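Have a look at work-v8.csv; it's CSV, C-alpha atoms:
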chain,number,residue,atom,x,y,z
I,1,MET,CA,58.9,26.0,0.2
I,2,GLU,CA,58.3,27.0,3.9
I,3,ARG,CA,60.6,24.8,5.8
I,4,TYR,CA,59.5,25.7,9.2
I,5,ARG,CA,56.3,27.2,10.7
I,6,SER,CA,57.2,30.7,11.7
I,7,LEU,CA,55.3,32.9,14.1
I,8,ASN,CA,54.7,35.5,11.4
I,9,SER,CA,53.2,32.9,9.2
I,10,PHE,CA,51.0,31.7,12.0
I,11,PHE,CA,49.7,35.2,12.7
I,12,LYS,CA,49.0,35.8,9.0
I,13,GLU,CA,47.0,32.6,8.8
I,14,LYS,CA,45.1,33.4,12.0
I,15,PHE,CA,44.5,37.1,11.7
I,16,GLY,CA,45.2,37.9,8.0
I,17,GLN,CA,47.7,40.7,8.8
I,18,ARG,CA,50.9,41.5,10.5
I,19,ILE,CA,50.8,41.2,14.4
I,20,GLN,CA,53.6,42.6,16.5
I,21,LYS,CA,54.4,41.8,20.2
I,22,ILE,CA,54.9,44.7,22.6
I,23,PRO,CA,57.5,43.8,25.2
I,24,ILE,CA,56.3,44.8,28.7
I,25,ASP,CA,58.3,45.1,31.9
I,26,ALA,CA,55.7,45.0,34.8
I,27,GLY,CA,58.3,45.5,37.5
I,28,LEU,CA,57.9,42.0,38.9
I,29,GLY,CA,60.7,40.0,40.5
I,30,CYS,CA,62.0,36.4,40.4
I,31,PRO,CA,62.1,33.8,43.2
I,32,ASN,CA,65.5,32.7,41.9
I,33,ARG,CA,66.9,36.2,42.5
I,34,ASP,CA,65.2,37.5,45.7
I,35,GLY,CA,66.3,34.6,48.0
I,36,THR,CA,63.1,32.5,47.8
I,37,ILE,CA,64.9,29.9,45.8
I,38,SER,CA,68.3,31.5,45.3
I,39,ASP,CA,69.8,35.0,45.3
I,40,ARG,CA,72.1,34.4,42.3
I,41,GLY,CA,69.6,33.8,39.5
I,42,CYS,CA,70.3,31.8,36.4
I,43,ILE,CA,73.9,32.1,35.4
I,44,PHE,CA,73.0,33.7,32.0
I,45,CYS,CA,70.4,36.2,33.3
I,46,ASP,CA,71.3,39.9,33.3
I,47,ARG,CA,69.9,42.7,35.5
I,48,ARG,CA,67.1,43.3,33.0
I,49,GLY,CA,65.7,39.8,33.6
I,50,SER,CA,65.9,39.0,29.9
I,51,GLY,CA,63.7,41.9,28.9
I,52,THR,CA,63.8,45.6,28.0
I,53,GLY,CA,64.5,46.9,31.5
I,54,ALA,CA,62.0,49.7,30.9
I,55,MET,CA,60.6,49.8,34.4
I,56,ILE,CA,64.0,49.3,36.0
I,57,ASP,CA,65.8,52.0,34.1
I,58,LYS,CA,63.1,54.5,33.3
I,59,GLY,CA,60.2,53.9,35.6
I,60,ILE,CA,57.8,53.8,32.6
I,61,SER,CA,54.2,52.6,33.4
I,62,ILE,CA,52.6,49.7,31.6
I,63,SER,CA,50.2,52.0,29.9
I,64,LYS,CA,53.0,54.2,28.7
I,65,GLN,CA,55.0,51.2,27.4
I,66,VAL,CA,52.0,50.0,25.4
I,67,GLU,CA,51.4,53.5,23.9
I,68,GLU,CA,55.0,54.1,23.0
I,69,TRP,CA,55.6,50.6,21.5
I,70,SER,CA,52.4,50.6,19.5
I,71,LYS,CA,53.4,53.9,17.9
I,72,PHE,CA,56.9,52.7,17.2
I,73,LEU,CA,55.8,49.4,15.7
I,74,ASP,CA,53.1,51.1,13.6
I,75,LYS,CA,55.7,53.5,12.2
I,76,ARG,CA,58.3,50.8,11.6
I,77,TYR,CA,56.2,47.9,10.4
I,78,GLY,CA,52.8,49.3,9.7
I,79,ALA,CA,51.4,47.1,12.4
I,80,LYS,CA,47.9,47.9,13.8
I,81,ARG,CA,47.3,45.1,16.1
I,82,PHE,CA,49.5,43.8,19.0
I,83,ILE,CA,50.2,41.1,21.5
I,84,ALA,CA,50.9,42.4,25.1
I,85,TYR,CA,54.0,40.4,26.0
I,86,PHE,CA,55.0,40.4,29.6
I,87,GLN,CA,58.6,39.6,29.1
I,88,SER,CA,61.0,40.7,31.9
I,89,PHE,CA,61.5,38.5,34.9
I,90,THR,CA,58.7,36.3,36.2
I,91,ASN,CA,55.3,37.5,35.2
I,92,THR,CA,53.2,35.3,37.4
I,93,TYR,CA,55.2,36.0,40.5
I,94,GLY,CA,52.7,38.0,42.6
I,95,SER,CA,49.2,37.9,44.1
I,96,VAL,CA,46.3,37.1,41.8
I,97,ASP,CA,44.9,40.6,42.4
I,98,ARG,CA,48.2,42.3,41.5
I,99,LEU,CA,48.6,40.1,38.4
I,100,LYS,CA,45.0,40.9,37.3
I,101,GLY,CA,45.8,44.6,37.7
I,102,ILE,CA,48.9,44.5,35.4
I,103,TYR,CA,47.3,42.3,32.8
I,104,ASP,CA,44.1,44.5,32.7
I,105,GLU,CA,46.2,47.7,32.4
I,106,ALA,CA,47.8,46.4,29.2
I,107,LEU,CA,44.7,44.8,27.7
I,108,ARG,CA,42.5,47.9,28.0
I,109,TYR,CA,43.9,49.2,24.7
I,110,PRO,CA,41.6,48.4,21.8
I,111,ASN,CA,44.6,47.5,19.5
I,112,ILE,CA,45.7,44.7,21.8
I,113,ILE,CA,44.4,41.4,20.6
I,114,GLY,CA,46.5,39.0,22.6
I,115,LEU,CA,48.3,38.3,25.9
I,116,ALA,CA,51.6,36.4,26.3
I,117,ILE,CA,53.1,35.9,29.7
I,118,GLY,CA,56.7,34.9,30.3
I,119,THR,CA,57.3,33.0,33.6
I,120,ARG,CA,58.9,30.1,35.3
I,121,PRO,CA,57.3,26.6,35.6
I,122,ASP,CA,57.5,26.8,39.4
I,123,CYS,CA,55.5,30.0,39.5
I,124,LEU,CA,52.1,28.7,38.4
I,125,ASP,CA,49.2,27.5,40.4
I,126,GLU,CA,45.5,26.8,40.0
I,127,GLN,CA,44.4,30.4,41.0
I,128,ILE,CA,46.8,32.1,38.6
I,129,LEU,CA,45.9,29.7,35.7
I,130,ASN,CA,42.3,30.3,36.4
I,131,LEU,CA,42.8,34.0,36.1
I,132,ILE,CA,44.8,33.7,32.9
I,133,SER,CA,42.2,31.4,31.4
I,134,THR,CA,39.5,34.1,31.9
I,135,TYR,CA,41.1,36.2,29.1
I,136,LYS,CA,40.8,33.4,26.5
I,137,ASN,CA,37.3,34.4,25.3
I,138,ARG,CA,38.5,37.9,24.3
I,139,TYR,CA,42.1,37.5,23.5
I,140,MET,CA,44.7,35.1,22.1
I,141,VAL,CA,46.5,33.9,25.2
I,142,TRP,CA,49.7,31.9,25.8
I,143,ILE,CA,52.2,31.3,28.5
I,144,GLU,CA,56.0,31.3,27.8
I,145,LEU,CA,57.9,28.8,30.1
I,146,GLY,CA,61.6,28.7,30.4
I,147,LEU,CA,63.0,25.2,30.3
I,148,GLN,CA,66.4,25.8,28.7
I,149,SER,CA,67.4,22.1,28.8
I,150,ALA,CA,65.7,18.8,29.4
I,151,HIS,CA,68.7,17.6,31.4
I,152,ASP,CA,68.5,18.0,35.2
I,153,LYS,CA,72.3,18.0,35.4
I,154,THR,CA,72.4,21.1,33.2
I,155,LEU,CA,69.6,22.8,35.1
I,156,ARG,CA,71.5,22.4,38.3
I,157,LEU,CA,74.7,23.8,36.7
I,158,ILE,CA,73.0,26.9,35.4
I,159,ASN,CA,71.2,27.4,38.8
I,160,ARG,CA,67.8,27.2,37.2
I,161,GLY,CA,66.1,26.4,40.5
I,162,HIS,CA,63.7,23.8,39.3
I,163,ASP,CA,63.9,20.4,37.6
I,164,VAL,CA,62.5,18.9,34.4
I,165,LYS,CA,59.6,17.3,36.2
I,166,CYS,CA,58.5,20.7,37.5
I,167,PHE,CA,58.4,22.0,33.9
I,168,GLU,CA,56.4,18.9,32.8
I,169,ARG,CA,53.8,19.5,35.6
I,170,ALA,CA,53.5,23.1,34.6
I,171,VAL,CA,52.8,22.2,30.9
I,172,LYS,CA,50.2,19.7,32.0
I,173,MET,CA,48.5,22.3,34.2
I,174,CYS,CA,48.4,24.8,31.4
I,175,SER,CA,47.0,22.1,29.1
I,176,ASP,CA,44.3,21.3,31.6
I,177,TYR,CA,43.2,25.0,31.5
I,178,GLY,CA,43.3,25.1,27.7
I,179,ILE,CA,46.2,27.6,27.7
I,180,ASP,CA,48.9,27.3,25.0
I,181,VAL,CA,52.5,27.0,26.0
I,182,CYS,CA,55.6,28.4,24.3
I,183,VAL,CA,58.8,26.8,25.6
I,184,HIS,CA,62.2,28.5,25.7
I,185,ILE,CA,65.4,26.5,25.2
I,186,ILE,CA,69.0,27.6,25.0
I,187,LEU,CA,71.6,25.9,22.8
I,188,GLY,CA,75.2,25.9,23.9
I,189,LEU,CA,74.8,25.6,27.6
I,190,PRO,CA,77.9,24.6,29.6
I,191,GLY,CA,78.5,20.9,29.4
I,192,GLU,CA,76.0,20.1,26.7
I,193,ASP,CA,76.9,18.5,23.4
I,194,ARG,CA,74.9,18.2,20.2
I,195,LYS,CA,73.3,15.0,21.2
I,196,MET,CA,72.0,16.4,24.5
I,197,MET,CA,70.5,19.4,22.7
I,198,ILE,CA,68.7,17.2,20.2
I,199,GLN,CA,67.4,15.1,23.2
I,200,THR,CA,65.8,18.3,24.6
I,201,ALA,CA,63.9,18.8,21.3
I,202,GLN,CA,62.8,15.2,21.4
I,203,TYR,CA,61.6,15.6,24.9
I,204,ILE,CA,59.6,18.7,24.1
I,205,SER,CA,58.1,17.1,21.0
I,206,LYS,CA,56.3,14.6,23.3
I,207,LEU,CA,54.5,17.2,25.4
I,208,PRO,CA,51.4,19.4,24.6
I,209,ILE,CA,53.4,22.4,23.6
I,210,TRP,CA,52.2,24.9,21.0
I,211,GLY,CA,55.3,27.0,20.3
I,212,ILE,CA,59.1,27.3,20.9
I,213,LYS,CA,61.8,29.9,21.2
I,214,ILE,CA,65.3,28.7,20.4
I,215,HIS,CA,68.2,30.9,21.6
I,216,HIS,CA,71.9,30.5,21.6
I,217,LEU,CA,73.8,31.2,24.8
I,218,TYR,CA,75.4,34.6,24.5
I,219,ILE,CA,77.4,36.3,27.3
I,220,THR,CA,76.2,39.6,28.7
I,221,ARG,CA,77.8,42.0,31.2
I,222,GLY,CA,77.4,41.4,34.9
I,223,THR,CA,76.3,37.7,34.6
I,224,GLN,CA,77.9,34.6,36.1
I,225,MET,CA,78.5,33.4,32.5
I,226,GLU,CA,80.8,36.4,32.0
I,227,GLU,CA,83.0,35.1,34.7
I,228,LEU,CA,83.1,31.6,33.2
I,229,TRP,CA,83.8,33.0,29.7
I,230,LYS,CA,86.6,35.3,30.9
I,231,SER,CA,88.3,32.5,32.9
I,232,GLY,CA,88.4,30.3,29.8
I,233,ARG,CA,86.1,27.7,31.3
I,234,TYR,CA,83.4,28.3,28.7
I,235,ARG,CA,83.5,28.7,24.9
I,236,CYS,CA,80.6,30.0,22.9
I,237,LEU,CA,79.1,28.1,20.0
I,238,GLU,CA,80.5,29.1,16.6
I,239,ARG,CA,77.7,30.3,14.3
I,240,ASP,CA,78.1,27.4,11.9
I,241,ALA,CA,77.8,24.9,14.7
I,242,TYR,CA,74.7,26.7,16.0
I,243,ILE,CA,73.0,26.7,12.6
I,244,ASP,CA,73.5,22.9,12.2
I,245,ILE,CA,72.1,22.2,15.7
I,246,VAL,CA,69.1,24.5,15.0
I,247,VAL,CA,68.3,22.5,11.9
I,248,ASP,CA,68.7,19.2,13.9
I,249,ILE,CA,66.2,20.6,16.5
I,250,LEU,CA,63.7,21.7,13.8
I,251,GLU,CA,63.8,18.2,12.2
I,252,ASN,CA,62.8,16.7,15.6
I,253,LEU,CA,59.9,19.0,16.4
I,254,PRO,CA,56.3,18.4,15.5
I,255,PRO,CA,55.5,20.0,12.1
I,256,ASP,CA,52.7,22.1,13.5
I,257,MET,CA,54.7,23.6,16.4
I,258,VAL,CA,55.0,27.4,16.0
I,259,ILE,CA,58.6,28.6,15.8
I,260,HIS,CA,58.7,31.9,17.7
I,261,ARG,CA,62.4,32.5,17.5
I,262,LEU,CA,65.5,30.9,16.1
I,263,SER,CA,68.2,33.3,17.4
I,264,GLY,CA,68.9,35.4,20.5
I,265,ASP,CA,68.5,39.1,20.4
I,266,PRO,CA,71.0,40.7,22.8
I,267,ILE,CA,71.3,44.4,23.6
I,268,PRO,CA,74.5,45.5,21.7
I,269,SER,CA,75.9,47.6,24.6
I,270,GLU,CA,75.5,44.6,27.0
I,271,LEU,CA,76.9,41.9,24.8
I,272,ILE,CA,80.4,40.4,25.4
I,273,ALA,CA,80.4,37.3,23.1
I,274,PRO,CA,79.9,35.9,20.6
I,275,GLN,CA,79.8,39.0,18.3
I,276,TRP,CA,77.8,37.1,15.6
I,277,SER,CA,74.9,37.4,18.0
I,278,LEU,CA,74.4,41.0,16.6
I,279,GLU,CA,73.9,39.7,13.1
I,280,LYS,CA,70.4,38.2,13.6
I,281,ASN,CA,69.2,38.6,10.0
I,282,LYS,CA,72.3,37.0,8.6
I,283,THR,CA,72.0,34.1,11.1
I,284,LEU,CA,68.3,33.5,10.1
I,285,HIS,CA,69.3,33.6,6.4
I,286,LEU,CA,72.0,31.0,7.0
I,287,ILE,CA,69.5,28.8,8.9
I,288,ARG,CA,67.1,28.9,5.9
I,289,LYS,CA,70.0,28.2,3.6
I,290,ARG,CA,71.2,25.2,5.6
I,291,LEU,CA,67.7,23.8,5.6
I,292,GLN,CA,67.8,24.0,1.8
I,293,GLU,CA,71.3,22.5,1.6
I,294,ARG,CA,70.3,19.6,3.7
I,295,ASN,CA,66.9,19.3,1.9
I,296,THR,CA,65.2,19.1,5.2
I,297,TYR,CA,62.3,20.7,7.1
I,298,GLN,CA,60.6,21.0,10.5
I,299,GLY,CA,59.2,17.6,11.6
I,300,LYS,CA,61.2,15.5,9.2
I,301,LEU,CA,62.3,13.2,12.0
I,302,TYR,CA,59.4,13.7,14.3
I,303,LYS,CA,57.5,10.5,13.4
I,304,ASN,CA,60.6,8.5,14.2
I,305,HIS,CA,60.5,8.9,18.0

Would you mind giving the structure from this file in structure tokens?
Amino acid sequence: MERYRSLNSFFKEKFGQRIQKIPIDAGLGCPNRDGTISDRGCIFCDRRGSGTGAMIDKGISISKQVEEWSKFLDKRYGAKRFIAYFQSFTNTYGSVDRLKGIYDEALRYPNIIGLAIGTRPDCLDEQILNLISTYKNRYMVWIELGLQSAHDKTLRLINRGHDVKCFERAVKMCSDYGIDVCVHIILGLPGEDRKMMIQTAQYISKLPIWGIKIHHLYITRGTQMEELWKSGRYRCLERDAYIDIVVDILENLPPDMVIHRLSGDPIPSELIAPQWSLEKNKTLHLIRKRLQERNTYQGKLYKNH
């Protein structure tokens, strides 16, 4: 029994084969780091902007990133078709002309069948959404929006730079343009308990959202979270607690929502804590096992709220 609707299952249903995402760093910035909103960024965000850091560290062009990743993913997984995933930093933070140029550069490869754009809810407007919507006739298109929590108190604490209403407006705008949304949430944020995390899932379940990425909060070098952790003012979630909360979250989501991710994926050399973050496959296995033990599944409690 498939107890949640995974992204891999969705791709196989839609395309009949394995599809892999190519993470792209377009060298764009973030208004929460360049002083427009703040110069500190979110307290969990590292120097790579939650991405590969390819442009920052190596100066690799978008074309070269697509070429190298497609070869690697073909060799490793036998994948022949790919989603261009603009991952690092805020990938709608620029002029429409510049954004069109970077999207077009990635999409000119014939093995690219989709476009996924990671951004902030406060970095979308009508012009940008109109541009993104023009790709829908030729490609599968979605926007990934960071929410992290449905609690404004938490968003202020983590220096997110926007409130929940801003996220809600962005989702509505995407929906108006017929663009699918994948939301990112983080479990284990400072000050949040299990009830608050479940409330975030219940909030998301009421919006026109197509997919979700669920991460745990892990500590990486050079972040404000590192300072909180070292001072003893923050304790990471234990894996067993995280697994139970993930199952709670899945129960409260719509049964047709696509689950893109159920665990974070830190760079080993950058990780400080918790060390179980490096055991992704084991964590996913334990989540599936816990779903079986609790005899539950995605959407079980969805109709109740």

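Note that the spacing between atom CA of Gln275 of chain I and atom CA of Lys230 of chain I amounts to 14.8 Å.
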
Nearest-residue call for Met1 of chain I, choices I:Arg120, I:Lys165, I:Arg288, I:Lys100, using only C-alpha atoms: I:Arg288

Selected residue, from I:Met197, I:Cys45, I:Val258, I:Leu187, that lies nearest to Leu237 of chain I when counting all atoms listed in the file: I:Leu187

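Computed from the coordinates, the atom CA of Pro255 of chain I to atom CA of Tyr4 of chain I distance equals 7.5 Å.
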
Residue neighbourhood Ile62 of chain I, 9 Å, only C-alpha atoms, exclusion window fewer than 5 positions, as a VMD selection string: chain I and resid 24 to 26 55 67 102 105 to 106

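Between atom CA of Arg138 of chain I and atom CA of Arg108 of chain I there is a distance of 11.4 Å.
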
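Minimum atom-to-atom distances from I:Arg76, I:Ile113, I:Asp97, I:Lys280 to Arg261 of chain I were compared using all atoms listed in the file, and the lowest value belongs to I:Lys280.
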
Non-local contacts of Asp248 of chain I (10 Å; all atoms listed in the file; under 3 positions in same chain excluded) as a list in words: Arg194, Lys195, Met197, Ile198, Ala201, Tyr242, Ile243, Asp244, Ile245, Glu251, Asn252, Leu253, Leu291, Thr296, Tyr297, Gln298, Gly299, Lys300 and Leu301 of chain I

All residues 9 Å or closer to Val164 of chain I, all atoms listed in the file, same chain fewer than 4 positions away omitted, as a PDB file with C-alpha atoms, in the coordinates of the input:
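What follows is the written file result.pdb:
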ATOM      1  CA  LEU I 147      63.000  25.200  30.300  1.00  0.00           C
ATOM      2  CA  SER I 149      67.400  22.100  28.800  1.00  0.00           C
ATOM      3  CA  ALA I 150      65.700  18.800  29.400  1.00  0.00           C
ATOM      4  CA  HIS I 151      68.700  17.600  31.400  1.00  0.00           C
ATOM      5  CA  ASP I 152      68.500  18.000  35.200  1.00  0.00           C
ATOM      6  CA  LEU I 155      69.600  22.800  35.100  1.00  0.00           C
ATOM      7  CA  GLU I 168      56.400  18.900  32.800  1.00  0.00           C
ATOM      8  CA  ARG I 169      53.800  19.500  35.600  1.00  0.00           C
TER       9      ARG I 169
END

Kindly add N, CA, C and O atoms to the incomplete segment 193-208 of chain I and provide the output as a PDB file, keeping the file's coordinate frame.
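Okay, part-v9.pdb is ready:
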ATOM      1  N   ASP I 193      76.438  18.766  24.743  1.00  0.00           N
ATOM      2  CA  ASP I 193      76.900  18.500  23.400  1.00  0.00           C
ATOM      3  C   ASP I 193      75.661  18.454  22.460  1.00  0.00           C
ATOM      4  O   ASP I 193      74.512  18.600  22.896  1.00  0.00           O
ATOM      5  N   ARG I 194      75.927  18.221  21.197  1.00  0.00           N
ATOM      6  CA  ARG I 194      74.900  18.200  20.200  1.00  0.00           C
ATOM      7  C   ARG I 194      73.791  17.183  20.490  1.00  0.00           C
ATOM      8  O   ARG I 194      72.588  17.459  20.374  1.00  0.00           O
ATOM      9  N   LYS I 195      74.211  16.016  20.925  1.00  0.00           N
ATOM     10  CA  LYS I 195      73.300  15.000  21.200  1.00  0.00           C
ATOM     11  C   LYS I 195      72.302  15.356  22.329  1.00  0.00           C
ATOM     12  O   LYS I 195      71.088  15.122  22.241  1.00  0.00           O
ATOM     13  N   MET I 196      72.815  16.003  23.376  1.00  0.00           N
ATOM     14  CA  MET I 196      72.000  16.400  24.500  1.00  0.00           C
ATOM     15  C   MET I 196      70.963  17.480  24.052  1.00  0.00           C
ATOM     16  O   MET I 196      69.811  17.477  24.488  1.00  0.00           O
ATOM     17  N   MET I 197      71.384  18.379  23.175  1.00  0.00           N
ATOM     18  CA  MET I 197      70.500  19.400  22.700  1.00  0.00           C
ATOM     19  C   MET I 197      69.347  18.828  21.849  1.00  0.00           C
ATOM     20  O   MET I 197      68.189  19.241  21.942  1.00  0.00           O
ATOM     21  N   ILE I 198      69.679  17.836  21.038  1.00  0.00           N
ATOM     22  CA  ILE I 198      68.700  17.200  20.200  1.00  0.00           C
ATOM     23  C   ILE I 198      67.699  16.399  21.163  1.00  0.00           C
ATOM     24  O   ILE I 198      66.483  16.362  20.929  1.00  0.00           O
ATOM     25  N   GLN I 199      68.227  15.813  22.232  1.00  0.00           N
ATOM     26  CA  GLN I 199      67.400  15.100  23.200  1.00  0.00           C
ATOM     27  C   GLN I 199      66.365  16.065  23.837  1.00  0.00           C
ATOM     28  O   GLN I 199      65.229  15.674  24.122  1.00  0.00           O
ATOM     29  N   THR I 200      66.767  17.313  24.059  1.00  0.00           N
ATOM     30  CA  THR I 200      65.800  18.300  24.600  1.00  0.00           C
ATOM     31  C   THR I 200      64.683  18.526  23.620  1.00  0.00           C
ATOM     32  O   THR I 200      63.517  18.574  24.017  1.00  0.00           O
ATOM     33  N   ALA I 201      65.003  18.634  22.330  1.00  0.00           N
ATOM     34  CA  ALA I 201      63.900  18.800  21.300  1.00  0.00           C
ATOM     35  C   ALA I 201      63.031  17.585  21.291  1.00  0.00           C
ATOM     36  O   ALA I 201      61.802  17.717  21.182  1.00  0.00           O
ATOM     37  N   GLN I 202      63.586  16.397  21.382  1.00  0.00           N
ATOM     38  CA  GLN I 202      62.800  15.200  21.400  1.00  0.00           C
ATOM     39  C   GLN I 202      61.880  15.084  22.586  1.00  0.00           C
ATOM     40  O   GLN I 202      60.732  14.639  22.486  1.00  0.00           O
ATOM     41  N   TYR I 203      62.382  15.543  23.718  1.00  0.00           N
ATOM     42  CA  TYR I 203      61.600  15.600  24.900  1.00  0.00           C
ATOM     43  C   TYR I 203      60.388  16.521  24.772  1.00  0.00           C
ATOM     44  O   TYR I 203      59.236  16.173  25.067  1.00  0.00           O
ATOM     45  N   ILE I 204      60.663  17.712  24.284  1.00  0.00           N
ATOM     46  CA  ILE I 204      59.600  18.700  24.100  1.00  0.00           C
ATOM     47  C   ILE I 204      58.556  18.230  23.116  1.00  0.00           C
ATOM     48  O   ILE I 204      57.359  18.489  23.285  1.00  0.00           O
ATOM     49  N   SER I 205      58.990  17.511  22.094  1.00  0.00           N
ATOM     50  CA  SER I 205      58.100  17.100  21.000  1.00  0.00           C
ATOM     51  C   SER I 205      57.009  16.103  21.540  1.00  0.00           C
ATOM     52  O   SER I 205      55.995  15.875  20.878  1.00  0.00           O
ATOM     53  N   LYS I 206      57.214  15.529  22.721  1.00  0.00           N
ATOM     54  CA  LYS I 206      56.300  14.600  23.300  1.00  0.00           C
ATOM     55  C   LYS I 206      55.236  15.220  24.197  1.00  0.00           C
ATOM     56  O   LYS I 206      54.326  14.553  24.685  1.00  0.00           O
ATOM     57  N   LEU I 207      55.384  16.528  24.434  1.00  0.00           N
ATOM     58  CA  LEU I 207      54.500  17.200  25.400  1.00  0.00           C
ATOM     59  C   LEU I 207      53.511  18.112  24.590  1.00  0.00           C
ATOM     60  O   LEU I 207      53.754  18.482  23.442  1.00  0.00           O
ATOM     61  N   PRO I 208      52.384  18.491  25.227  1.00  0.00           N
ATOM     62  CA  PRO I 208      51.400  19.400  24.600  1.00  0.00           C
ATOM     63  C   PRO I 208      51.872  20.823  24.544  1.00  0.00           C
ATOM     64  O   PRO I 208      51.369  21.664  25.296  1.00  0.00           O
TER      65      PRO I 208
END
